[in-house]
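Next comes structure-v6.cif, a file with mmCIF, C-alpha atoms (C1' of nucleotides).
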data_upload
#
loop_
_atom_site.label_atom_id
_atom_site.label_comp_id
_atom_site.auth_asym_id
_atom_site.auth_seq_id
_atom_site.Cartn_x
_atom_site.Cartn_y
_atom_site.Cartn_z
CA MET A 28 20.57 102.29 93.19
CA ASN A 29 20.47 100.04 90.19
CA LEU A 30 23.07 101.05 87.63
CA ALA A 31 22.27 98.33 85.12
CA ASN A 32 20.08 100.51 82.93
CA GLN A 33 22.61 103.24 82.50
CA SER A 34 25.27 102.83 79.86
CA ALA A 35 28.55 101.50 81.14
CA GLU A 36 30.16 104.67 79.86
CA SER A 37 27.97 107.01 81.89
CA VAL A 38 28.44 104.89 85.00
CA LEU A 39 32.21 105.08 84.65
CA LEU A 40 32.12 108.81 83.99
CA SER A 41 29.85 109.54 86.92
CA HIS A 42 32.20 107.63 89.22
CA GLY A 43 35.32 109.35 87.97
CA VAL A 44 36.74 106.40 86.05
CA LYS A 45 38.06 107.15 82.59
CA PRO A 46 36.01 105.04 80.19
CA THR A 47 38.53 103.11 78.13
CA PRO A 48 37.27 100.34 75.82
CA GLN A 49 38.63 97.67 78.18
CA ARG A 50 36.88 99.17 81.19
CA MET A 51 33.67 99.59 79.25
CA VAL A 52 33.30 95.94 78.27
CA ILE A 53 34.14 94.81 81.80
CA ALA A 54 31.71 97.26 83.40
CA GLU A 55 29.01 96.40 80.88
CA TYR A 56 29.36 92.72 81.66
CA LEU A 57 29.23 93.27 85.41
CA LEU A 58 26.27 95.63 85.24
CA ASN A 59 24.20 93.20 83.22
CA THR A 60 24.68 89.96 85.08
CA LEU A 61 22.87 88.68 88.14
CA ASP A 62 25.84 86.44 88.70
CA HIS A 63 28.71 87.07 91.08
CA PRO A 64 31.67 86.45 88.81
CA SER A 65 35.28 86.01 89.86
CA ALA A 66 38.11 87.79 88.06
CA GLU A 67 38.75 84.70 85.99
CA GLU A 68 35.10 84.51 84.97
CA VAL A 69 35.15 88.17 84.00
CA LEU A 70 38.18 87.54 81.83
CA THR A 71 36.50 84.61 80.11
CA ALA A 72 33.30 86.54 79.57
CA VAL A 73 34.87 89.60 77.99
CA THR A 74 37.53 87.85 75.95
CA GLY A 75 36.81 88.41 72.28
CA LYS A 76 34.55 91.40 72.82
CA LEU A 77 37.31 93.78 71.80
CA PRO A 78 39.32 93.76 68.59
CA VAL A 79 42.48 93.69 70.71
CA ALA A 80 43.57 91.20 73.33
CA LEU A 81 42.56 91.93 76.90
CA SER A 82 45.09 90.91 79.48
CA ARG A 83 44.60 89.38 82.88
CA ALA A 84 46.35 92.32 84.49
CA THR A 85 43.84 94.73 82.98
CA VAL A 86 40.95 92.72 84.35
CA TYR A 87 42.41 92.84 87.83
CA ASN A 88 43.33 96.53 87.49
CA THR A 89 39.83 97.38 86.29
CA LEU A 90 38.07 95.36 88.98
CA ASN A 91 40.10 97.15 91.63
CA SER A 92 39.43 100.54 90.07
CA LEU A 93 35.71 99.85 89.89
CA LYS A 94 35.71 98.66 93.48
CA ASP A 95 37.59 101.74 94.68
CA ALA A 96 35.23 103.95 92.71
CA GLY A 97 32.21 102.30 94.30
CA VAL A 98 30.80 100.84 91.09
CA ILE A 99 31.07 97.25 92.31
CA ARG A 100 31.76 95.55 95.62
CA GLU A 101 33.71 92.49 96.65
CA VAL A 102 31.88 89.43 97.86
CA LEU A 103 33.81 86.98 100.01
CA THR A 104 31.89 83.74 100.17
CA GLU A 105 34.44 81.08 99.41
CA PRO A 106 38.08 80.77 100.43
CA GLY A 107 40.76 81.92 98.05
CA LYS A 108 38.58 83.70 95.54
CA VAL A 109 37.02 87.14 95.30
CA ARG A 110 33.70 87.59 93.56
CA TYR A 111 32.23 90.87 92.39
CA ASP A 112 28.75 92.33 92.60
CA ALA A 113 27.51 95.37 90.68
CA ASN A 114 24.16 95.36 92.48
CA LEU A 115 24.51 98.23 94.91
CA CYS A 116 21.02 97.92 96.34
CA HIS A 117 21.37 97.04 100.00
CA HIS A 118 21.21 93.29 100.03
CA HIS A 119 22.70 90.13 101.45
CA HIS A 120 23.68 86.82 99.92
CA PHE A 121 22.63 83.24 100.14
CA VAL A 122 25.19 80.62 99.18
CA ASP A 123 23.98 77.19 98.22
CA VAL A 124 26.65 75.05 99.81
CA LYS A 125 26.20 72.26 97.30
CA SER A 126 26.46 74.19 94.05
CA GLY A 127 28.22 77.31 95.26
CA GLN A 128 25.49 79.37 93.63
CA ILE A 129 25.14 82.83 95.15
CA ILE A 130 21.72 84.44 95.30
CA ASP A 131 20.95 88.00 96.24
CA VAL A 132 18.65 88.40 99.22
CA PRO A 133 16.97 91.82 99.42
CA VAL A 134 17.33 93.42 102.79
CA GLU A 135 13.59 93.45 103.47
CA LYS A 136 13.51 89.69 102.98
CA VAL A 137 16.02 89.28 105.77
CA GLU A 138 13.52 90.63 108.25
CA GLU A 139 11.14 87.85 107.42
CA ILE A 140 13.93 85.32 107.44
CA GLY A 141 11.92 83.09 109.74
CA LYS A 142 9.41 82.46 106.98
CA LEU A 143 12.14 81.84 104.44
CA LEU A 144 13.63 79.06 106.52
CA ASP A 145 11.10 76.47 105.46
CA LYS A 146 10.68 77.69 101.92
CA LYS A 147 13.32 78.61 99.47
CA PHE A 148 16.30 78.45 101.80
CA LYS A 149 17.51 76.08 104.43
CA VAL A 150 20.05 78.09 106.34
CA HIS A 151 22.94 76.28 108.05
CA GLY A 152 24.92 79.33 109.01
CA VAL A 153 25.09 83.07 108.71
CA GLN A 154 28.23 85.12 108.54
CA VAL A 155 27.87 88.81 109.26
CA THR A 156 30.89 91.04 108.89
CA PHE A 157 30.96 94.74 109.60
CA PHE A 158 33.68 96.84 108.02
CA GLY A 159 34.68 100.23 109.32
CA ASP A 160 36.81 102.23 111.68
CA LEU A 161 37.39 101.20 115.24
CA GLN A 162 37.12 104.23 117.48
CA GLN A 163 40.02 104.19 119.88
CA ASP A 164 37.95 104.07 123.02
CA GLU A 165 39.25 101.17 125.06
CA SER A 166 36.83 101.50 127.95
CA GLU A 167 34.80 98.50 126.95
CA GLN A 168 35.77 95.31 125.22
CA ALA A 169 33.17 94.00 122.81
CA LYS A 170 33.85 90.38 123.52
CA MET B 272 29.20 77.20 123.85
CA ASN B 273 32.65 78.25 124.92
CA LEU B 274 35.13 75.44 124.57
CA ALA B 275 38.13 77.36 125.84
CA ASN B 276 37.97 76.03 129.37
CA GLN B 277 37.93 72.40 128.36
CA SER B 278 41.22 70.74 127.63
CA ALA B 279 42.10 70.60 123.97
CA GLU B 280 42.18 66.84 124.27
CA SER B 281 38.61 66.52 125.51
CA VAL B 282 37.39 68.91 122.84
CA LEU B 283 39.02 66.83 120.13
CA LEU B 284 37.70 63.60 121.58
CA SER B 285 34.16 64.89 121.95
CA HIS B 286 34.18 65.98 118.32
CA GLY B 287 35.53 62.71 117.00
CA VAL B 288 39.02 63.93 116.16
CA LYS B 289 41.88 61.72 117.24
CA PRO B 290 44.01 63.80 119.62
CA THR B 291 47.52 63.63 118.24
CA PRO B 292 50.21 65.90 119.73
CA GLN B 293 50.17 68.12 116.65
CA ARG B 294 46.41 68.54 116.75
CA MET B 295 46.47 69.21 120.48
CA VAL B 296 48.87 72.15 120.30
CA ILE B 297 46.97 73.65 117.38
CA ALA B 298 43.60 73.24 119.07
CA GLU B 299 44.95 74.56 122.34
CA TYR B 300 46.26 77.67 120.65
CA LEU B 301 42.99 78.31 118.81
CA LEU B 302 40.85 77.72 121.88
CA ASN B 303 42.82 80.18 123.96
CA THR B 304 43.12 83.16 121.66
CA LEU B 305 40.66 85.96 121.05
CA ASP B 306 42.44 86.52 117.78
CA HIS B 307 41.36 85.24 114.40
CA PRO B 308 44.58 83.72 113.15
CA SER B 309 45.36 82.62 109.60
CA ALA B 310 46.98 79.28 108.87
CA GLU B 311 50.36 80.97 108.66
CA GLU B 312 49.84 82.60 112.05
CA VAL B 313 48.85 79.28 113.54
CA LEU B 314 52.02 77.75 112.18
CA THR B 315 54.15 80.52 113.66
CA ALA B 316 52.39 80.31 117.00
CA VAL B 317 52.75 76.57 117.48
CA THR B 318 56.23 76.19 116.04
CA GLY B 319 58.58 75.07 118.78
CA LYS B 320 55.85 73.81 121.09
CA LEU B 321 56.56 70.23 120.12
CA PRO B 322 59.87 68.37 120.32
CA VAL B 323 59.44 67.53 116.63
CA ALA B 324 59.00 69.81 113.64
CA LEU B 325 55.45 70.65 112.66
CA SER B 326 54.89 70.99 108.96
CA ARG B 327 52.77 73.43 107.06
CA ALA B 328 50.75 70.57 105.60
CA THR B 329 49.81 69.36 109.06
CA VAL B 330 48.58 72.81 110.03
CA TYR B 331 46.35 72.95 106.97
CA ASN B 332 45.19 69.36 107.47
CA THR B 333 44.38 70.02 111.09
CA LEU B 334 42.56 73.27 110.44
CA ASN B 335 40.39 71.55 107.87
CA SER B 336 39.74 68.62 110.21
CA LEU B 337 38.76 70.94 113.04
CA LYS B 338 36.53 72.92 110.73
CA ASP B 339 34.81 69.78 109.43
CA ALA B 340 34.38 68.54 113.00
CA GLY B 341 32.77 71.82 114.05
CA VAL B 342 35.46 72.84 116.52
CA ILE B 343 36.34 76.01 114.63
CA ARG B 344 34.82 78.01 111.80
CA GLU B 345 36.25 79.88 108.85
CA VAL B 346 36.10 83.65 108.80
CA LEU B 347 36.34 85.33 105.40
CA THR B 348 37.05 88.99 105.94
CA GLU B 349 39.91 89.76 103.60
CA PRO B 350 40.67 88.53 100.11
CA GLY B 351 43.03 85.62 99.64
CA LYS B 352 43.28 84.49 103.21
CA VAL B 353 41.19 82.34 105.51
CA ARG B 354 41.08 83.08 109.22
CA TYR B 355 39.83 80.77 111.92
CA ASP B 356 37.63 81.30 114.95
CA ALA B 357 37.17 78.88 117.83
CA ASN B 358 34.49 81.00 119.45
CA LEU B 359 31.32 79.10 118.66
CA CYS B 360 29.01 81.46 120.52
CA HIS B 361 26.71 83.05 117.99
CA HIS B 362 28.46 86.25 117.05
CA HIS B 363 29.46 88.52 114.23
CA HIS B 364 32.64 90.37 113.36
CA PHE B 365 33.83 93.89 113.10
CA VAL B 366 36.84 94.54 110.89
CA ASP B 367 38.82 97.70 111.42
CA VAL B 368 39.63 98.62 107.84
CA LYS B 369 42.80 100.45 108.82
CA SER B 370 44.49 97.81 110.95
CA GLY B 371 42.68 94.72 109.76
CA GLN B 372 41.92 93.88 113.38
CA ILE B 373 38.89 91.63 113.76
CA ILE B 374 36.71 91.98 116.83
CA ASP B 375 33.92 89.68 117.89
CA VAL B 376 30.52 91.30 118.16
CA PRO B 377 28.06 89.35 120.33
CA VAL B 378 24.76 88.80 118.62
CA GLU B 379 22.81 90.79 121.19
CA LYS B 380 25.01 93.80 120.49
CA VAL B 381 23.97 93.71 116.87
CA GLU B 382 20.42 94.55 117.87
CA GLU B 383 21.57 97.76 119.42
CA ILE B 384 23.81 98.51 116.48
CA GLY B 385 22.38 102.00 116.20
CA LYS B 386 23.93 102.93 119.52
CA LEU B 387 27.23 101.37 118.60
CA LEU B 388 27.52 103.53 115.52
CA ASP B 389 28.68 106.59 117.40
CA LYS B 390 30.70 104.76 120.01
CA LYS B 391 33.17 102.01 119.52
CA PHE B 392 32.52 101.34 115.85
CA LYS B 393 32.05 103.49 112.82
CA VAL B 394 30.52 101.16 110.29
CA HIS B 395 31.15 101.73 106.59
CA GLY B 396 29.63 98.53 105.35
CA VAL B 397 28.11 95.26 106.38
CA GLN B 398 28.40 91.98 104.59
CA VAL B 399 25.90 89.31 105.49
CA THR B 400 26.22 85.89 103.97
CA PHE B 401 23.90 82.98 104.56
CA PHE B 402 25.13 79.47 103.87
CA GLY B 403 22.84 76.55 103.34
CA ASP B 404 20.81 74.48 100.93
CA LEU B 405 18.71 76.03 98.25
CA GLN B 406 15.35 74.27 98.14
CA GLN B 407 14.53 73.55 94.52
CA ASP B 408 11.35 75.59 94.42
CA GLU B 409 11.68 77.87 91.42
CA SER B 410 8.32 79.63 91.81
CA GLU B 411 9.85 82.81 93.12
CA GLN B 412 13.15 84.46 92.37
CA ALA B 413 14.72 86.16 95.35
CA LYS B 414 16.19 89.01 93.35
"C1'" DT C 81 57.70 40.42 120.70
"C1'" DC C 82 57.30 40.64 115.91
"C1'" DG C 83 55.17 42.01 111.82
"C1'" DC C 84 51.46 44.17 109.61
"C1'" DC C 85 48.07 47.70 108.80
"C1'" DC C 86 46.43 52.13 108.42
"C1'" DG C 87 45.96 56.72 109.54
"C1'" DA C 88 49.00 60.87 110.55
"C1'" DT C 89 52.88 63.56 109.43
"C1'" DT C 90 56.49 65.31 106.64
"C1'" DA C 91 59.26 68.00 103.03
"C1'" DG C 92 58.84 69.69 99.07
"C1'" DA C 93 56.55 70.03 94.54
"C1'" DT C 94 52.63 71.92 92.55
"C1'" DC C 95 48.54 74.70 91.82
"C1'" DT C 96 45.98 78.99 91.64
"C1'" DA C 97 44.58 83.71 92.57
"C1'" DG C 98 46.41 87.83 92.43
"C1'" DT C 99 50.24 91.41 92.08
"C1'" DC C 100 54.30 93.42 90.11
"C1'" DT C 101 57.46 94.96 86.43
"C1'" DA C 102 59.14 97.02 82.55
"C1'" DA C 103 58.06 98.07 77.99
"C1'" DA C 104 54.84 99.66 74.64
"C1'" DG C 105 50.55 102.12 73.47
"C1'" DA C 106 47.17 105.70 73.82
"C1'" DT C 107 45.69 110.42 74.88
"C1'" DA C 108 46.05 115.16 75.96
"C1'" DT C 109 48.83 119.47 76.10
"C1'" DT C 110 51.84 122.68 74.44
"C1'" DA D 238 56.09 117.21 66.69
"C1'" DA D 239 57.74 116.75 71.64
"C1'" DT D 240 56.48 115.83 76.11
"C1'" DA D 241 53.92 114.20 79.96
"C1'" DT D 242 50.75 111.15 81.92
"C1'" DC D 243 47.94 107.41 82.22
"C1'" DT D 244 46.57 102.63 80.44
"C1'" DT D 245 47.49 98.25 78.76
"C1'" DT D 246 50.24 94.30 77.96
"C1'" DA D 247 52.90 89.78 78.52
"C1'" DG D 248 55.01 87.44 81.47
"C1'" DA D 249 57.63 87.03 85.88
"C1'" DC D 250 56.70 86.67 90.48
"C1'" DT D 251 54.40 85.99 95.21
"C1'" DA D 252 51.47 84.04 98.62
"C1'" DG D 253 48.07 80.94 100.24
"C1'" DA D 254 46.73 76.49 99.97
"C1'" DT D 255 46.72 71.67 98.21
"C1'" DC D 256 48.85 67.48 96.56
"C1'" DT D 257 52.25 63.67 96.43
"C1'" DA D 258 54.92 60.10 97.76
"C1'" DA D 259 57.70 58.59 101.40
"C1'" DT D 260 58.11 57.93 106.28
"C1'" DC D 261 56.47 57.55 110.93
"C1'" DG D 262 54.04 55.45 114.68
"C1'" DG D 263 50.44 53.36 117.42
"C1'" DG D 264 47.30 49.37 117.76
"C1'" DC D 265 46.54 44.61 117.17
"C1'" DG D 266 46.62 39.77 115.97
"C1'" DA D 267 49.73 35.83 115.70
#

Just dump the structure as structure tokens.
Amino acid sequence: MNLANQSAESVLLSHGVKPTPQRMVIAEYLLNTLDHPSAEEVLTAVTGKLPVALSRATVYNTLNSLKDAGVIREVLTEPGKVRYDANLCHHHHFVDVKSGQIIDVPVEKVEEIGKLLDKKFKVHGVQVTFFGDLQQDESEQAK
Amino acid sequence: MNLANQSAESVLLSHGVKPTPQRMVIAEYLLNTLDHPSAEEVLTAVTGKLPVALSRATVYNTLNSLKDAGVIREVLTEPGKVRYDANLCHHHHFVDVKSGQIIDVPVEKVEEIGKLLDKKFKVHGVQVTFFGDLQQDESEQAK
DNA sequence: TCGCCCGATTAGATCTAGTCTAAAGATATT
DNA sequence: AATATCTTTAGACTAGATCTAATCGGGCGA
């Protein structure tokens, strides 16, 4: 599920988001970067790409709309800042603790994580978070 | 590695953190909860447990000290807020998207995640984040 | 015991990410 | 054209977290 090759407009349309000029430049930027930009970085990147000003509020509104529509997802890797990822292929992330750089890790690579340890990555910690609904069956406590 | 049964004082000492009264009440609270409290919740919980006032700055200072010392770890599950976890057993987290409740998931349970799907948890998404050093071998791009 | 040092704590100012508000602008419908 | 609805805007506001400068307090040498 790589949306990068489709036009931003068709991606917005197919996800039920009305393609305004502001949303188009934001979506286009997100779909064509391998980065994991924050809202502020999105604002910087798209500023000047429209004949009109583009406000901070619109960036936040658009990011939330795109998230709700399933075009992008939130990535929580550092405190106090949300990053966004338009790569919807099932994947994980590697954060270089020195530079803060975030690198996508394809899911099949995770299975051979043992080999990766001594090569590209030196893993200090892993954080796995599941999101979903808790079924209200209290018979067994997970902890 | 469950530190809950040791006294807060011995935990602090063994991790090289000077056991002041303020740090003791904070550590004691964290070591004895199954919750994943935010800084604000820590402040609320420990307020009144000392004869003197306990300032917000001290809570933040102490949480960062305990994190740096390896007594607790940060949990990033929701935007704009850091939660803390004194359970150092290798485990993951399940976030109930409706209530925000965070539940520890022991690592061995993750292997039988297929069974869990139709029982206690209904998983919508998983976020896995590795933290570590990126070895500067540019021969292969992970993405 | 006194005085000094230095780390810990404090209240409150400040910073920053993100949200809210109210007005103005755009778009579609009749 | 009038109306309704949704989007965008600038700037006010909020919340989480950090910073600052003053004060506190325990240890230690004289």

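In this comparison, which uses all atoms listed in the file, the residue of C:DA97, C:DA106, C:DA91, C:DC85 approaching chain A most closely is C:DA97.
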
Problem - Interface residues on chain C facing chain B, 12 Å, only C-alpha atoms (C1' of nucleotides), written as a list in words - result: DG87, DA88, DT89, DT90, DA91, DG92, DT96, DA97, DG98 and DT99 of chain C

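Each of B:Tyr331, B:Ala340, B:His364, B:Glu383 was compared to chain A using all atoms listed in the file, and B:His364 turns out to be the nearest.
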
What do you get, as an mmCIF file with C-alpha atoms (C1' of nucleotides), keeping the file's coordinate frame, if you spell out every residue that the PyMOL selection byres ((chain D and resi 264) around 12) selects here?
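Printed below is expr.cif as written:
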data_model
loop_
_atom_site.group_PDB
_atom_site.id
_atom_site.type_symbol
_atom_site.label_atom_id
_atom_site.label_comp_id
_atom_site.auth_asym_id
_atom_site.auth_seq_id
_atom_site.Cartn_x
_atom_site.Cartn_y
_atom_site.Cartn_z
ATOM 1 C "C1'" DC C 84 51.460 44.170 109.610
ATOM 2 C "C1'" DC C 85 48.070 47.700 108.800
ATOM 3 C "C1'" DC C 86 46.430 52.130 108.420
ATOM 4 C "C1'" DG C 87 45.960 56.720 109.540
ATOM 5 C "C1'" DG D 262 54.040 55.450 114.680
ATOM 6 C "C1'" DG D 263 50.440 53.360 117.420
ATOM 7 C "C1'" DC D 265 46.540 44.610 117.170
ATOM 8 C "C1'" DG D 266 46.620 39.770 115.970
#

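Once the PyMOL selection byres ((chain D and resi 257) around 10) is applied to the shown structure, the selection contains C:DG92, C:DA93, C:DT94, D:DT255, D:DC256, D:DA258, D:DA259.
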
As AutoDock Vina command-line options: centre and edge lengths in Å, one decimal, of the axis-aligned box holding stretch 94-101 of chain C with 8 Å per side:
--center_x 51.0 --center_y 83.4 --center_z 89.5 --size_x 28.9 --size_y 39.0 --size_z 22.1

Least-squares superposed chain B, target chain A, every Cα, as a CSV table (one decimal) with C-alpha atoms, keeping the file's coordinate frame:
chain,number,residue,atom,x,y,z
B,272,MET,CA,20.6,102.3,93.2
B,273,ASN,CA,20.5,100.1,90.2
B,274,LEU,CA,23.1,101.1,87.7
B,275,ALA,CA,22.3,98.4,85.1
B,276,ASN,CA,20.1,100.6,83.0
B,277,GLN,CA,22.7,103.3,82.5
B,278,SER,CA,25.3,102.9,79.9
B,279,ALA,CA,28.6,101.5,81.2
B,280,GLU,CA,30.2,104.7,79.9
B,281,SER,CA,28.0,107.0,81.9
B,282,VAL,CA,28.5,104.9,85.0
B,283,LEU,CA,32.3,105.1,84.7
B,284,LEU,CA,32.2,108.8,84.0
B,285,SER,CA,29.9,109.6,86.9
B,286,HIS,CA,32.3,107.6,89.2
B,287,GLY,CA,35.4,109.3,88.0
B,288,VAL,CA,36.8,106.4,86.0
B,289,LYS,CA,38.1,107.1,82.6
B,290,PRO,CA,36.0,105.0,80.2
B,291,THR,CA,38.5,103.1,78.1
B,292,PRO,CA,37.3,100.3,75.8
B,293,GLN,CA,38.6,97.6,78.1
B,294,ARG,CA,36.9,99.1,81.2
B,295,MET,CA,33.6,99.6,79.3
B,296,VAL,CA,33.3,95.9,78.3
B,297,ILE,CA,34.1,94.8,81.8
B,298,ALA,CA,31.7,97.3,83.4
B,299,GLU,CA,29.0,96.4,80.9
B,300,TYR,CA,29.3,92.7,81.7
B,301,LEU,CA,29.2,93.3,85.4
B,302,LEU,CA,26.3,95.7,85.3
B,303,ASN,CA,24.2,93.3,83.3
B,304,THR,CA,24.7,90.0,85.1
B,305,LEU,CA,22.8,88.7,88.2
B,306,ASP,CA,25.8,86.5,88.7
B,307,HIS,CA,28.7,87.1,91.1
B,308,PRO,CA,31.6,86.5,88.8
B,309,SER,CA,35.3,86.0,89.8
B,310,ALA,CA,38.1,87.8,88.0
B,311,GLU,CA,38.7,84.7,86.0
B,312,GLU,CA,35.0,84.5,85.0
B,313,VAL,CA,35.1,88.2,84.0
B,314,LEU,CA,38.1,87.5,81.8
B,315,THR,CA,36.4,84.6,80.1
B,316,ALA,CA,33.2,86.6,79.6
B,317,VAL,CA,34.8,89.6,78.0
B,318,THR,CA,37.4,87.8,76.0
B,319,GLY,CA,36.7,88.4,72.3
B,320,LYS,CA,34.5,91.4,72.8
B,321,LEU,CA,37.2,93.7,71.8
B,322,PRO,CA,39.2,93.7,68.6
B,323,VAL,CA,42.4,93.6,70.7
B,324,ALA,CA,43.5,91.1,73.3
B,325,LEU,CA,42.5,91.9,76.9
B,326,SER,CA,45.0,90.8,79.5
B,327,ARG,CA,44.5,89.3,82.9
B,328,ALA,CA,46.3,92.2,84.5
B,329,THR,CA,43.8,94.7,83.0
B,330,VAL,CA,40.9,92.7,84.3
B,331,TYR,CA,42.4,92.8,87.8
B,332,ASN,CA,43.3,96.5,87.5
B,333,THR,CA,39.9,97.3,86.3
B,334,LEU,CA,38.1,95.3,89.0
B,335,ASN,CA,40.1,97.1,91.6
B,336,SER,CA,39.5,100.5,90.0
B,337,LEU,CA,35.7,99.8,89.9
B,338,LYS,CA,35.8,98.6,93.5
B,339,ASP,CA,37.7,101.7,94.7
B,340,ALA,CA,35.3,104.0,92.7
B,341,GLY,CA,32.3,102.3,94.3
B,342,VAL,CA,30.8,100.8,91.1
B,343,ILE,CA,31.1,97.3,92.3
B,344,ARG,CA,31.8,95.6,95.7
B,345,GLU,CA,33.7,92.5,96.7
B,346,VAL,CA,31.9,89.4,97.9
B,347,LEU,CA,33.8,87.0,100.0
B,348,THR,CA,31.9,83.8,100.2
B,349,GLU,CA,34.5,81.1,99.4
B,350,PRO,CA,38.1,80.8,100.4
B,351,GLY,CA,40.8,81.9,98.0
B,352,LYS,CA,38.6,83.7,95.5
B,353,VAL,CA,37.0,87.1,95.3
B,354,ARG,CA,33.7,87.6,93.6
B,355,TYR,CA,32.2,90.9,92.4
B,356,ASP,CA,28.8,92.3,92.6
B,357,ALA,CA,27.5,95.4,90.7
B,358,ASN,CA,24.2,95.4,92.5
B,359,LEU,CA,24.5,98.3,94.9
B,360,CYS,CA,21.0,98.0,96.4
B,361,HIS,CA,21.4,97.1,100.0
B,362,HIS,CA,21.2,93.3,100.1
B,363,HIS,CA,22.7,90.1,101.5
B,364,HIS,CA,23.7,86.8,99.9
B,365,PHE,CA,22.7,83.3,100.1
B,366,VAL,CA,25.2,80.6,99.2
B,367,ASP,CA,24.0,77.2,98.2
B,368,VAL,CA,26.7,75.1,99.8
B,369,LYS,CA,26.2,72.3,97.2
B,370,SER,CA,26.5,74.2,94.0
B,371,GLY,CA,28.2,77.3,95.2
B,372,GLN,CA,25.5,79.4,93.6
B,373,ILE,CA,25.2,82.8,95.2
B,374,ILE,CA,21.7,84.5,95.3
B,375,ASP,CA,21.0,88.0,96.3
B,376,VAL,CA,18.7,88.4,99.2
B,377,PRO,CA,17.0,91.8,99.4
B,378,VAL,CA,17.4,93.4,102.8
B,379,GLU,CA,13.6,93.4,103.5
B,380,LYS,CA,13.5,89.7,103.0
B,381,VAL,CA,16.0,89.2,105.8
B,382,GLU,CA,13.5,90.6,108.3
B,383,GLU,CA,11.2,87.8,107.4
B,384,ILE,CA,14.0,85.2,107.4
B,385,GLY,CA,11.9,83.0,109.7
B,386,LYS,CA,9.5,82.4,106.9
B,387,LEU,CA,12.2,81.8,104.4
B,388,LEU,CA,13.7,79.0,106.4
B,389,ASP,CA,11.1,76.4,105.4
B,390,LYS,CA,10.7,77.7,101.8
B,391,LYS,CA,13.4,78.6,99.4
B,392,PHE,CA,16.4,78.5,101.7
B,393,LYS,CA,17.5,76.1,104.4
B,394,VAL,CA,20.1,78.1,106.3
B,395,HIS,CA,23.0,76.3,108.0
B,396,GLY,CA,24.9,79.3,109.0
B,397,VAL,CA,25.1,83.0,108.7
B,398,GLN,CA,28.2,85.1,108.6
B,399,VAL,CA,27.9,88.8,109.3
B,400,THR,CA,30.9,91.0,108.9
B,401,PHE,CA,30.9,94.7,109.6
B,402,PHE,CA,33.7,96.9,108.1
B,403,GLY,CA,34.6,100.2,109.3
B,404,ASP,CA,36.8,102.3,111.7
B,405,LEU,CA,37.3,101.3,115.2
B,406,GLN,CA,37.0,104.3,117.5
B,407,GLN,CA,39.9,104.3,119.9
B,408,ASP,CA,37.8,104.2,123.0
B,409,GLU,CA,39.1,101.3,125.0
B,410,SER,CA,36.7,101.6,128.0
B,411,GLU,CA,34.7,98.5,126.9
B,412,GLN,CA,35.7,95.4,125.2
B,413,ALA,CA,33.2,94.0,122.8
B,414,LYS,CA,33.9,90.4,123.5

Residues of chain D within 10 Å of chain A: nearest atom pair and distance (Å, one decimal) for each, counting all atoms listed in the file, sorted by chain and number, as JSON lines?
{"residue": "D:DC243", "atom": "C1'", "partner": "A:Lys45", "partner_atom": "CA", "distance": 9.9}
{"residue": "D:DT244", "atom": "C1'", "partner": "A:Thr47", "partner_atom": "CA", "distance": 8.4}
{"residue": "D:DT245", "atom": "C1'", "partner": "A:Thr85", "partner_atom": "CA", "distance": 6.6}
{"residue": "D:DT246", "atom": "C1'", "partner": "A:Ser82", "partner_atom": "CA", "distance": 6.4}
{"residue": "D:DA247", "atom": "C1'", "partner": "A:Ser82", "partner_atom": "CA", "distance": 7.9}
{"residue": "D:DG253", "atom": "C1'", "partner": "A:Gly107", "partner_atom": "CA", "distance": 7.7}
{"residue": "D:DA254", "atom": "C1'", "partner": "A:Gly107", "partner_atom": "CA", "distance": 8.3}

Please dump the current selection as a PDB file, in the coordinates of the input; keep C-alpha atoms (C1' of nucleotides).
ATOM      1  C1'  DC D 243      47.940 107.410  82.220  1.00  0.00           C
ATOM      2  C1'  DT D 244      46.570 102.630  80.440  1.00  0.00           C
ATOM      3  C1'  DT D 245      47.490  98.250  78.760  1.00  0.00           C
ATOM      4  C1'  DT D 246      50.240  94.300  77.960  1.00  0.00           C
ATOM      5  C1'  DA D 247      52.900  89.780  78.520  1.00  0.00           C
ATOM      6  C1'  DG D 253      48.070  80.940 100.240  1.00  0.00           C
ATOM      7  C1'  DA D 254      46.730  76.490  99.970  1.00  0.00           C
TER       8       DA D 254
END

Exercise for the section: Quick one: everything within 10 Å of C:DT109, counting all atoms listed in the file, minus sequence neighbours fewer than 2 positions away in the same chain. Send it as a list in words. Expected result: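 Neighbouring residues, sequence-local ones excluded: DT107 of chain C; DT240 and DA241 of chain D.
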
Handout entry: Residues near B:Ile343, cut-off 7 Å, all atoms listed in the file, skip fewer than 4 positions along chain, as a VMD selection string
Key = chain B and resid 337 to 338 355 to 357

Practice task
Could you tell me how far atom CA of B:Val282 lies from atom CA of B:Leu321, in Å and to one decimal?
Solution key: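 Between atom CA of B:Val282 and atom CA of B:Leu321 the gap works out to 19.4 Å.
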
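With atom C1' of D:DA239 on one side and atom CA of A:Leu40 on the other, the separation reads 29.5 Å.
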
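When the PyMOL selection byres ((chain C and resi 82) around 9) is run on the displayed coordinates, the residues it returns are C:DT81, C:DG83, D:DA267.
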
Problem - Neighbours of point (46.6, 69.8, 116.9) within 9 Å, using all atoms listed in the file, written as a list in words - result: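 Protein, DNA and RNA residues close to (46.6, 69.8, 116.9): Ala279, Leu283, Pro290, Thr291, Pro292, Gln293, Arg294, Met295, Val296, Ile297, Ala298, Glu299, Tyr300, Thr329, Val330, Thr333, Leu334 and Leu337 of chain B.
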
Exercise for the section: Kindly give the distance, in Å, that separates atom C1' of C:DA103 and atom CA of A:Glu68, rounded to a single decimal. Expected result: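 Distance between the two atoms: 27.6 Å.
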